[in-house]
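K.L.:
input.cif is reproduced in full below (mmCIF, C-alpha atoms).
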```
data_model
loop_
_atom_site.label_atom_id
_atom_site.label_comp_id
_atom_site.auth_asym_id
_atom_site.auth_seq_id
_atom_site.Cartn_x
_atom_site.Cartn_y
_atom_site.Cartn_z
CA MET A 1 92.91 -51.62 -225.40
CA GLU A 2 94.36 -54.56 -227.32
CA GLN A 3 96.75 -53.57 -230.08
CA SER A 4 94.62 -55.40 -232.63
CA ALA A 5 91.53 -53.43 -231.59
CA ALA A 6 93.38 -50.12 -231.87
CA ALA A 7 94.59 -51.12 -235.33
CA GLU A 8 91.05 -52.05 -236.39
CA ALA A 9 89.65 -48.75 -235.15
CA ALA A 10 92.43 -46.83 -236.93
CA GLU A 11 91.68 -48.63 -240.19
CA ILE A 12 88.01 -47.63 -239.98
CA LEU A 13 88.99 -43.97 -239.52
CA ALA A 14 91.55 -44.19 -242.33
CA GLN A 15 88.98 -45.72 -244.67
CA ALA A 16 86.63 -42.82 -243.96
CA ARG A 17 89.39 -40.50 -245.09
CA ARG A 18 90.13 -42.54 -248.21
CA SER A 19 86.50 -42.51 -249.27
CA SER A 20 85.83 -38.89 -248.18
CA GLN A 21 82.92 -40.17 -246.10
CA THR A 22 81.83 -39.67 -242.52
CA ILE A 23 80.79 -42.36 -240.05
CA GLU A 24 78.36 -42.26 -237.14
CA GLY A 25 81.13 -43.42 -234.82
CA LEU A 26 83.44 -46.30 -234.16
CA PRO A 27 81.74 -49.62 -233.34
CA SER A 28 80.97 -49.81 -229.63
CA HIS A 29 83.59 -52.49 -228.98
CA LEU A 30 86.28 -50.31 -230.62
CA GLN A 31 85.43 -46.98 -229.03
CA PRO A 32 88.17 -45.57 -226.78
CA GLN A 33 87.20 -45.62 -223.11
CA ASN A 34 89.93 -43.30 -221.85
CA LEU A 35 92.79 -41.08 -223.01
CA GLU A 36 95.20 -44.00 -223.22
CA ASP A 37 92.87 -45.81 -225.64
CA ALA A 38 92.29 -42.65 -227.67
CA TYR A 39 95.99 -41.92 -228.14
CA GLN A 40 96.68 -45.57 -228.88
CA ILE A 41 94.23 -45.46 -231.78
CA GLN A 42 95.63 -42.11 -232.91
CA GLY A 43 99.13 -43.60 -232.90
CA ALA A 44 97.96 -46.45 -235.11
CA LEU A 45 96.15 -44.02 -237.42
CA ILE A 46 99.07 -41.68 -238.18
CA PRO A 47 101.05 -44.14 -240.37
CA LEU A 48 97.86 -44.83 -242.32
CA ILE A 49 97.30 -41.10 -242.89
CA GLU A 50 100.92 -40.73 -243.99
CA GLU A 51 100.48 -43.58 -246.46
CA LEU A 52 97.16 -42.49 -247.95
CA SER A 53 98.23 -38.85 -248.31
CA ASN A 54 101.88 -39.45 -249.27
CA GLY A 55 102.95 -37.27 -246.36
CA LYS A 56 104.99 -37.50 -243.18
CA GLN A 57 104.67 -36.36 -239.59
CA VAL A 58 106.21 -32.91 -239.14
CA GLY A 59 104.80 -31.70 -235.85
CA TYR A 60 101.81 -31.50 -233.52
CA LYS A 61 98.62 -29.56 -232.83
CA GLY A 62 97.06 -28.54 -229.56
CA GLY A 63 93.28 -28.66 -229.16
CA ALA A 64 90.65 -27.81 -226.55
CA THR A 65 92.97 -25.12 -225.20
CA ASN A 66 90.34 -23.25 -223.19
CA GLU A 67 87.93 -24.16 -220.42
CA GLY A 68 84.85 -24.08 -222.64
CA ALA A 69 86.31 -26.51 -225.17
CA MET A 70 87.55 -28.87 -222.46
CA SER A 71 84.10 -28.88 -220.88
CA LEU A 72 82.48 -29.55 -224.26
CA PHE A 73 84.63 -32.65 -224.70
CA GLY A 74 84.35 -33.80 -221.12
CA LEU A 75 88.08 -33.35 -220.54
CA ASP A 76 90.15 -31.75 -217.80
CA GLU A 77 93.12 -31.04 -220.07
CA PRO A 78 93.77 -30.10 -223.71
CA PHE A 79 94.47 -32.75 -226.30
CA VAL A 80 97.23 -33.36 -228.83
CA GLY A 81 97.18 -34.31 -232.50
CA VAL A 82 99.76 -34.80 -235.23
CA LEU A 83 100.51 -32.52 -238.19
CA VAL A 84 101.14 -34.37 -241.47
CA SER A 85 103.01 -32.56 -244.26
CA SER A 86 100.46 -33.32 -246.99
CA TYR A 87 97.82 -31.31 -245.12
CA MET A 88 100.05 -28.28 -244.54
CA LEU A 89 99.53 -25.40 -246.98
CA LYS A 90 100.50 -21.77 -247.45
CA SER A 91 98.43 -18.65 -246.90
CA GLY A 92 96.22 -17.98 -249.92
CA ASP A 93 95.89 -21.61 -250.96
CA THR A 94 92.54 -23.15 -251.93
CA ILE A 95 91.08 -26.30 -250.39
CA ALA A 96 88.68 -28.27 -252.58
CA ASP A 97 85.19 -28.50 -251.15
CA ALA A 98 85.21 -32.31 -251.32
CA ASP A 99 88.48 -32.49 -249.37
CA CYS A 100 87.15 -30.89 -246.18
CA LYS A 101 83.66 -31.53 -244.83
CA PHE A 102 83.36 -29.45 -241.66
CA LYS A 103 85.61 -26.45 -242.47
CA LEU A 104 85.96 -25.06 -238.94
CA LEU A 105 88.41 -22.15 -238.89
CA GLU A 106 90.84 -21.55 -236.03
CA PRO A 107 93.38 -18.68 -236.17
CA GLU A 108 96.43 -19.88 -234.25
CA PHE A 109 99.98 -19.07 -233.29
CA ALA A 110 102.36 -21.86 -234.25
CA PHE A 111 105.97 -22.50 -233.27
CA ARG A 112 109.02 -24.05 -234.91
CA MET A 113 111.36 -25.73 -232.47
CA ALA A 114 115.12 -25.07 -232.45
CA GLU A 115 115.99 -27.74 -229.89
CA ASP A 116 114.78 -31.12 -228.70
CA LEU A 117 112.73 -31.32 -225.50
CA PRO A 118 113.37 -34.94 -224.45
CA PRO A 119 111.59 -36.85 -221.67
CA ALA A 120 114.77 -37.02 -219.59
CA ALA A 121 114.59 -33.28 -218.85
CA ALA A 122 110.82 -33.12 -218.23
CA PRO A 123 108.74 -31.57 -216.82
CA TYR A 124 109.31 -28.30 -218.65
CA ASP A 125 108.16 -24.82 -217.67
CA PRO A 126 107.20 -22.02 -220.10
CA ASP A 127 110.59 -20.32 -219.81
CA GLY A 128 112.44 -23.52 -220.66
CA VAL A 129 110.14 -24.22 -223.58
CA ARG A 130 110.42 -20.66 -224.89
CA ALA A 131 114.21 -20.95 -224.92
CA ALA A 132 113.90 -23.95 -227.26
CA ILE A 133 111.77 -22.11 -229.88
CA ALA A 134 113.30 -21.05 -233.19
CA SER A 135 110.38 -18.99 -234.50
CA VAL A 136 106.67 -18.23 -234.30
CA MET A 137 104.19 -18.25 -237.18
CA THR A 138 100.72 -16.90 -237.78
CA SER A 139 98.42 -19.59 -239.13
CA ILE A 140 94.93 -20.95 -239.69
CA GLU A 141 93.96 -24.47 -238.73
CA VAL A 142 90.99 -25.87 -240.64
CA VAL A 143 89.45 -28.43 -238.33
CA ASP A 144 87.81 -31.45 -239.95
CA LEU A 145 86.34 -34.69 -238.61
CA ARG A 146 85.34 -38.13 -239.84
CA PHE A 147 82.20 -38.26 -237.68
CA THR A 148 78.78 -37.34 -239.07
CA GLY A 149 77.87 -35.53 -235.85
CA GLY A 150 81.18 -33.67 -235.72
CA MET A 151 82.33 -32.74 -232.21
CA ALA A 152 79.30 -34.56 -230.77
CA ALA A 153 81.26 -37.78 -231.22
CA GLY A 154 82.93 -36.89 -227.91
CA GLY A 155 86.44 -36.17 -226.78
CA MET A 156 87.78 -39.72 -226.87
CA GLN A 157 86.69 -40.40 -230.45
CA VAL A 158 87.85 -36.96 -231.62
CA ILE A 159 91.31 -37.59 -230.15
CA ALA A 160 91.40 -41.03 -231.76
CA ASP A 161 90.66 -39.36 -235.12
CA ASN A 162 93.91 -37.38 -234.83
CA SER A 163 92.25 -34.72 -232.70
CA ALA A 164 90.18 -33.35 -235.60
CA ALA A 165 93.24 -32.33 -237.59
CA GLY A 166 92.26 -31.16 -241.07
CA TYR A 167 94.42 -28.63 -242.93
CA TRP A 168 96.90 -26.06 -241.65
CA LEU A 169 97.92 -22.89 -243.47
CA ALA A 170 101.13 -21.07 -242.64
CA GLY A 171 101.33 -17.30 -242.56
CA THR A 172 104.41 -15.22 -241.82
CA GLU A 173 107.26 -16.57 -239.70
CA TYR A 174 109.08 -14.43 -237.10
CA THR A 175 112.22 -15.11 -235.08
CA ASP A 176 111.79 -12.17 -232.65
CA LEU A 177 109.50 -13.68 -230.02
CA ASP A 178 110.02 -10.68 -227.75
CA ALA A 179 108.08 -8.50 -230.22
CA ILE A 180 104.87 -10.44 -229.50
CA ASP A 181 102.80 -10.19 -226.32
CA PHE A 182 101.54 -13.76 -226.22
CA GLU A 183 99.34 -12.99 -223.21
CA ASP A 184 97.41 -10.26 -225.03
CA TRP A 185 97.42 -10.30 -228.84
CA PRO A 186 94.11 -9.53 -230.60
CA VAL A 187 93.14 -11.65 -233.60
CA THR A 188 90.11 -11.30 -235.87
CA LEU A 189 88.58 -13.57 -238.51
CA HIS A 190 86.79 -12.38 -241.66
CA ILE A 191 84.79 -14.41 -244.18
CA ASN A 192 84.01 -12.83 -247.55
CA GLY A 193 85.06 -9.47 -246.13
CA GLU A 194 82.79 -9.58 -243.09
CA LEU A 195 84.00 -9.78 -239.49
CA VAL A 196 82.80 -13.11 -238.07
CA ALA A 197 84.95 -13.65 -234.95
CA GLU A 198 87.18 -11.74 -232.56
CA GLY A 199 89.64 -13.33 -230.19
CA ASN A 200 92.91 -13.04 -228.35
CA SER A 201 96.01 -15.11 -227.72
CA ALA A 202 95.01 -15.15 -224.04
CA ASN A 203 92.21 -17.55 -224.98
CA VAL A 204 94.87 -20.23 -225.50
CA LEU A 205 95.50 -21.31 -221.88
CA GLY A 206 96.37 -17.70 -221.07
CA SER A 207 99.18 -17.77 -223.65
CA PRO A 208 100.12 -20.02 -226.58
CA LEU A 209 103.41 -20.61 -224.75
CA ASN A 210 101.43 -22.32 -221.97
CA SER A 211 99.77 -24.54 -224.55
CA LEU A 212 103.14 -25.42 -226.06
CA THR A 213 104.45 -26.27 -222.59
CA PHE A 214 101.49 -28.56 -221.91
CA LEU A 215 102.02 -30.30 -225.23
CA ALA A 216 105.75 -30.78 -224.63
CA ASN A 217 105.11 -32.36 -221.23
CA ASN A 218 102.18 -34.44 -222.49
CA LEU A 219 104.34 -35.98 -225.20
CA CYS A 220 107.08 -36.72 -222.69
CA MET A 221 104.59 -38.45 -220.38
CA ARG A 222 103.57 -40.68 -223.29
CA GLY A 223 107.18 -41.57 -224.11
CA GLY A 224 107.80 -39.05 -226.89
CA GLY A 225 108.97 -35.47 -227.02
CA LEU A 226 109.37 -32.46 -229.25
CA LYS A 227 112.25 -32.44 -231.73
CA ALA A 228 114.20 -29.63 -233.35
CA GLY A 229 112.37 -28.65 -236.53
CA ASP A 230 108.93 -29.72 -235.30
CA ILE A 231 106.06 -27.32 -236.00
CA ILE A 232 103.45 -27.01 -233.27
CA THR A 233 100.19 -25.11 -233.63
CA ALA A 234 99.08 -24.06 -230.17
CA GLY A 235 95.29 -23.67 -230.27
CA SER A 236 92.67 -21.25 -231.49
CA CYS A 237 92.60 -17.59 -230.50
CA THR A 238 88.91 -17.37 -231.48
CA ALA A 239 85.94 -19.69 -231.21
CA PRO A 240 85.97 -22.30 -234.01
CA THR A 241 84.07 -20.69 -236.87
CA PRO A 242 82.40 -22.58 -239.74
CA ALA A 243 83.06 -21.75 -243.37
CA GLN A 244 81.35 -22.97 -246.53
CA ALA A 245 82.25 -23.86 -250.09
CA GLY A 246 83.23 -20.75 -252.04
CA ASP A 247 84.23 -18.72 -248.98
CA GLU A 248 87.32 -16.51 -248.80
CA CYS A 249 88.59 -16.48 -245.21
CA VAL A 250 91.18 -14.19 -243.62
CA ALA A 251 92.69 -14.25 -240.12
CA ASP A 252 94.10 -10.84 -239.17
CA PHE A 253 96.95 -10.82 -236.64
CA GLY A 254 97.38 -7.04 -236.69
CA SER A 255 100.97 -5.92 -237.22
CA LEU A 256 101.97 -9.59 -237.77
CA GLY A 257 99.94 -9.69 -240.97
CA LYS A 258 97.10 -11.77 -242.37
CA VAL A 259 96.63 -15.44 -243.21
CA SER A 260 94.03 -16.54 -245.75
CA VAL A 261 92.40 -19.69 -247.06
CA ASN A 262 89.88 -20.16 -249.84
CA PHE A 263 87.41 -23.01 -250.26
CA GLY A 264 86.54 -24.27 -253.70
CA SER A 265 82.90 -24.41 -254.73
#
```
Mind turning the file's structure into structure tokens?

P.N.:
Amino acid sequence: MEQSAAAEAAEILAQARRSSQTIEGLPSHLQPQNLEDAYQIQGALIPLIEELSNGKQVGYKGGATNEGAMSLFGLDEPFVGVLVSSYMLKSGDTIADADCKFKLLEPEFAFRMAEDLPPAAAPYDPDGVRAAIASVMTSIEVVDLRFTGGMAAGGMQVIADNSAAGYWLAGTEYTDLDAIDFEDWPVTLHINGELVAEGNSANVLGSPLNSLTFLANNLCMRGGGLKAGDIITAGSCTAPTPAQAGDECVADFGSLGKVSVNFGS
């Protein structure tokens, strides 16, 4: 894709954010035809998101981290998005109804990196990636999109739109990774006190550490890499679950505690 076309597509997506509107899709001549196109548009979009929200890039998100989600998007691998500081909140915070259209909840494990993982040392394996982690956090990602049809826009357009990154809420942070069985950790989601979803860390590529490893290698293949201090949210332990205005939502990570988000009416 020509750089000018990627920039034009990114501006359309940024304008949808500025105006709090959705669009049917990118114009046909600007739609990404492959992963390279999609990430090129995403790369052009991130500075625009930073500018309009007065934020900065602070990490990454993994998406489509199970076979069902990959199939839905027509992909054979997960995808990667960027976390921007202005959309990162704390457990218990409220998101205004007008600021988030789709409100899809995803309870996730997230990681803070202690060391860089540069392209020169790639590819990485899960043990090498684990050794570079400073801490793990419980969290909720609130997925949001700029497309009227939501996920039906297709994998390439979703990736272009920063991989459906909406808001992210941080729970409790732990430095003892050995205390967590990442291959088998139950997680539940409650809305207004009612159980609405049950899941497990194993739903995230078998372990969130596998998702983090994929993301680290994917970034290296595209000329980037994880940096010390980056926050990476690894993918949802449950099926994405819709919420509505006025809802009180809680992700329960058992002995690791709860993470909550409220939506204004």

K.L.:
Have a look at A:Glu11, A:Asp93, A:Glu24, A:Asp76 and name the one nearest to Val259 in chain A; count only C-alpha atoms.

P.N.:
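Counting only C-alpha atoms, the residue closest to Val259 in chain A is A:Asp93.
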
K.L.:
Please indicate the distance in Å from CA of Ile232 in chain A to CA of Thr65 in chain A, rounded to one decimal place.

P.N.:
13.4 Å

K.L.:
Which value, in Å to one decimal, gives the distance between CA of Thr213 in chain A and CA of Val82 in chain A?

P.N.:
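CA of Val82 in chain A lies at a distance of 16.0 Å from CA of Thr213 in chain A.
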
K.L.:
Can you translate the PyMOL selection byres ((chain A and resi 144-155) around 8) into the concrete residues it hits in this file, as a list in words?

P.N.:
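In the shown coordinates, the PyMOL selection byres ((chain A and resi 144-155) around 8) covers Leu13, Ala16, Arg17, Gln21, Thr22, Ile23, Glu24, Gly25, Phe73, Gly74, Leu75, Cys100, Lys101, Phe102, Lys103, Leu104, Val142, Val143, Met156, Gln157, Val158, Ile159, Asp161, Ala164, Ala165, Gly166 and Tyr167 of chain A.
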
K.L.:
Take the PyMOL selection byres ((chain A and resi 141) around 7), run it mentally on this structure, and tell me the resulting residues as a PyMOL selection string.

P.N.:
chain A and resi 105-108+139-140+142-143+167-169

K.L.:
Could you pull the residues within 12 Å of Ala120 in chain A, counting only C-alpha atoms, minus those fewer than 3 positions along the same chain, as a count of residues only?

P.N.:
12

K.L.:
Please complete range 39-59 of chain A so it has N, CA and C atoms, and hand it over as a short mmCIF file (atom, residue, chain, number, x, y, z; two decimals), in the frame of the given file.

P.N.:
```cif
data_model
loop_
_atom_site.label_atom_id
_atom_site.label_comp_id
_atom_site.auth_asym_id
_atom_site.auth_seq_id
_atom_site.Cartn_x
_atom_site.Cartn_y
_atom_site.Cartn_z
N TYR A 39 94.67 -42.18 -227.55
CA TYR A 39 95.99 -41.92 -228.14
C TYR A 39 96.59 -43.18 -228.77
N GLN A 40 96.21 -44.33 -228.26
CA GLN A 40 96.68 -45.57 -228.88
C GLN A 40 96.12 -45.71 -230.30
N ILE A 41 94.83 -45.42 -230.45
CA ILE A 41 94.23 -45.46 -231.78
C ILE A 41 94.85 -44.39 -232.67
N GLN A 42 95.01 -43.18 -232.14
CA GLN A 42 95.63 -42.11 -232.91
C GLN A 42 97.02 -42.53 -233.40
N GLY A 43 97.78 -43.16 -232.52
CA GLY A 43 99.13 -43.60 -232.90
C GLY A 43 99.11 -44.62 -234.02
N ALA A 44 98.09 -45.47 -234.04
CA ALA A 44 97.96 -46.45 -235.11
C ALA A 44 97.46 -45.81 -236.40
N LEU A 45 96.72 -44.70 -236.26
CA LEU A 45 96.15 -44.02 -237.42
C LEU A 45 97.18 -43.21 -238.20
N ILE A 46 98.15 -42.61 -237.52
CA ILE A 46 99.07 -41.68 -238.18
C ILE A 46 99.82 -42.34 -239.35
N PRO A 47 100.39 -43.53 -239.21
CA PRO A 47 101.05 -44.14 -240.37
C PRO A 47 100.11 -44.37 -241.55
N LEU A 48 98.84 -44.64 -241.26
CA LEU A 48 97.86 -44.83 -242.32
C LEU A 48 97.58 -43.52 -243.04
N ILE A 49 97.50 -42.41 -242.28
CA ILE A 49 97.30 -41.10 -242.89
C ILE A 49 98.52 -40.74 -243.74
N GLU A 50 99.70 -41.01 -243.23
CA GLU A 50 100.92 -40.73 -243.99
C GLU A 50 100.91 -41.49 -245.32
N GLU A 51 100.50 -42.74 -245.26
CA GLU A 51 100.48 -43.58 -246.46
C GLU A 51 99.44 -43.10 -247.47
N LEU A 52 98.23 -42.84 -247.01
CA LEU A 52 97.16 -42.49 -247.95
C LEU A 52 97.35 -41.10 -248.54
N SER A 53 98.06 -40.22 -247.83
CA SER A 53 98.23 -38.85 -248.31
C SER A 53 99.63 -38.59 -248.87
N ASN A 54 100.49 -39.60 -248.82
CA ASN A 54 101.88 -39.45 -249.27
C ASN A 54 102.57 -38.32 -248.51
N GLY A 55 102.35 -38.30 -247.20
CA GLY A 55 102.95 -37.27 -246.36
C GLY A 55 103.75 -37.88 -245.23
N LYS A 56 104.23 -37.02 -244.34
CA LYS A 56 104.99 -37.50 -243.18
C LYS A 56 104.71 -36.59 -241.99
N GLN A 57 104.88 -37.13 -240.81
CA GLN A 57 104.67 -36.36 -239.59
C GLN A 57 105.73 -35.26 -239.49
N VAL A 58 105.27 -34.03 -239.24
CA VAL A 58 106.21 -32.91 -239.14
C VAL A 58 105.99 -32.08 -237.89
N GLY A 59 105.04 -32.47 -237.06
CA GLY A 59 104.80 -31.70 -235.85
C GLY A 59 103.51 -32.11 -235.16
#
```
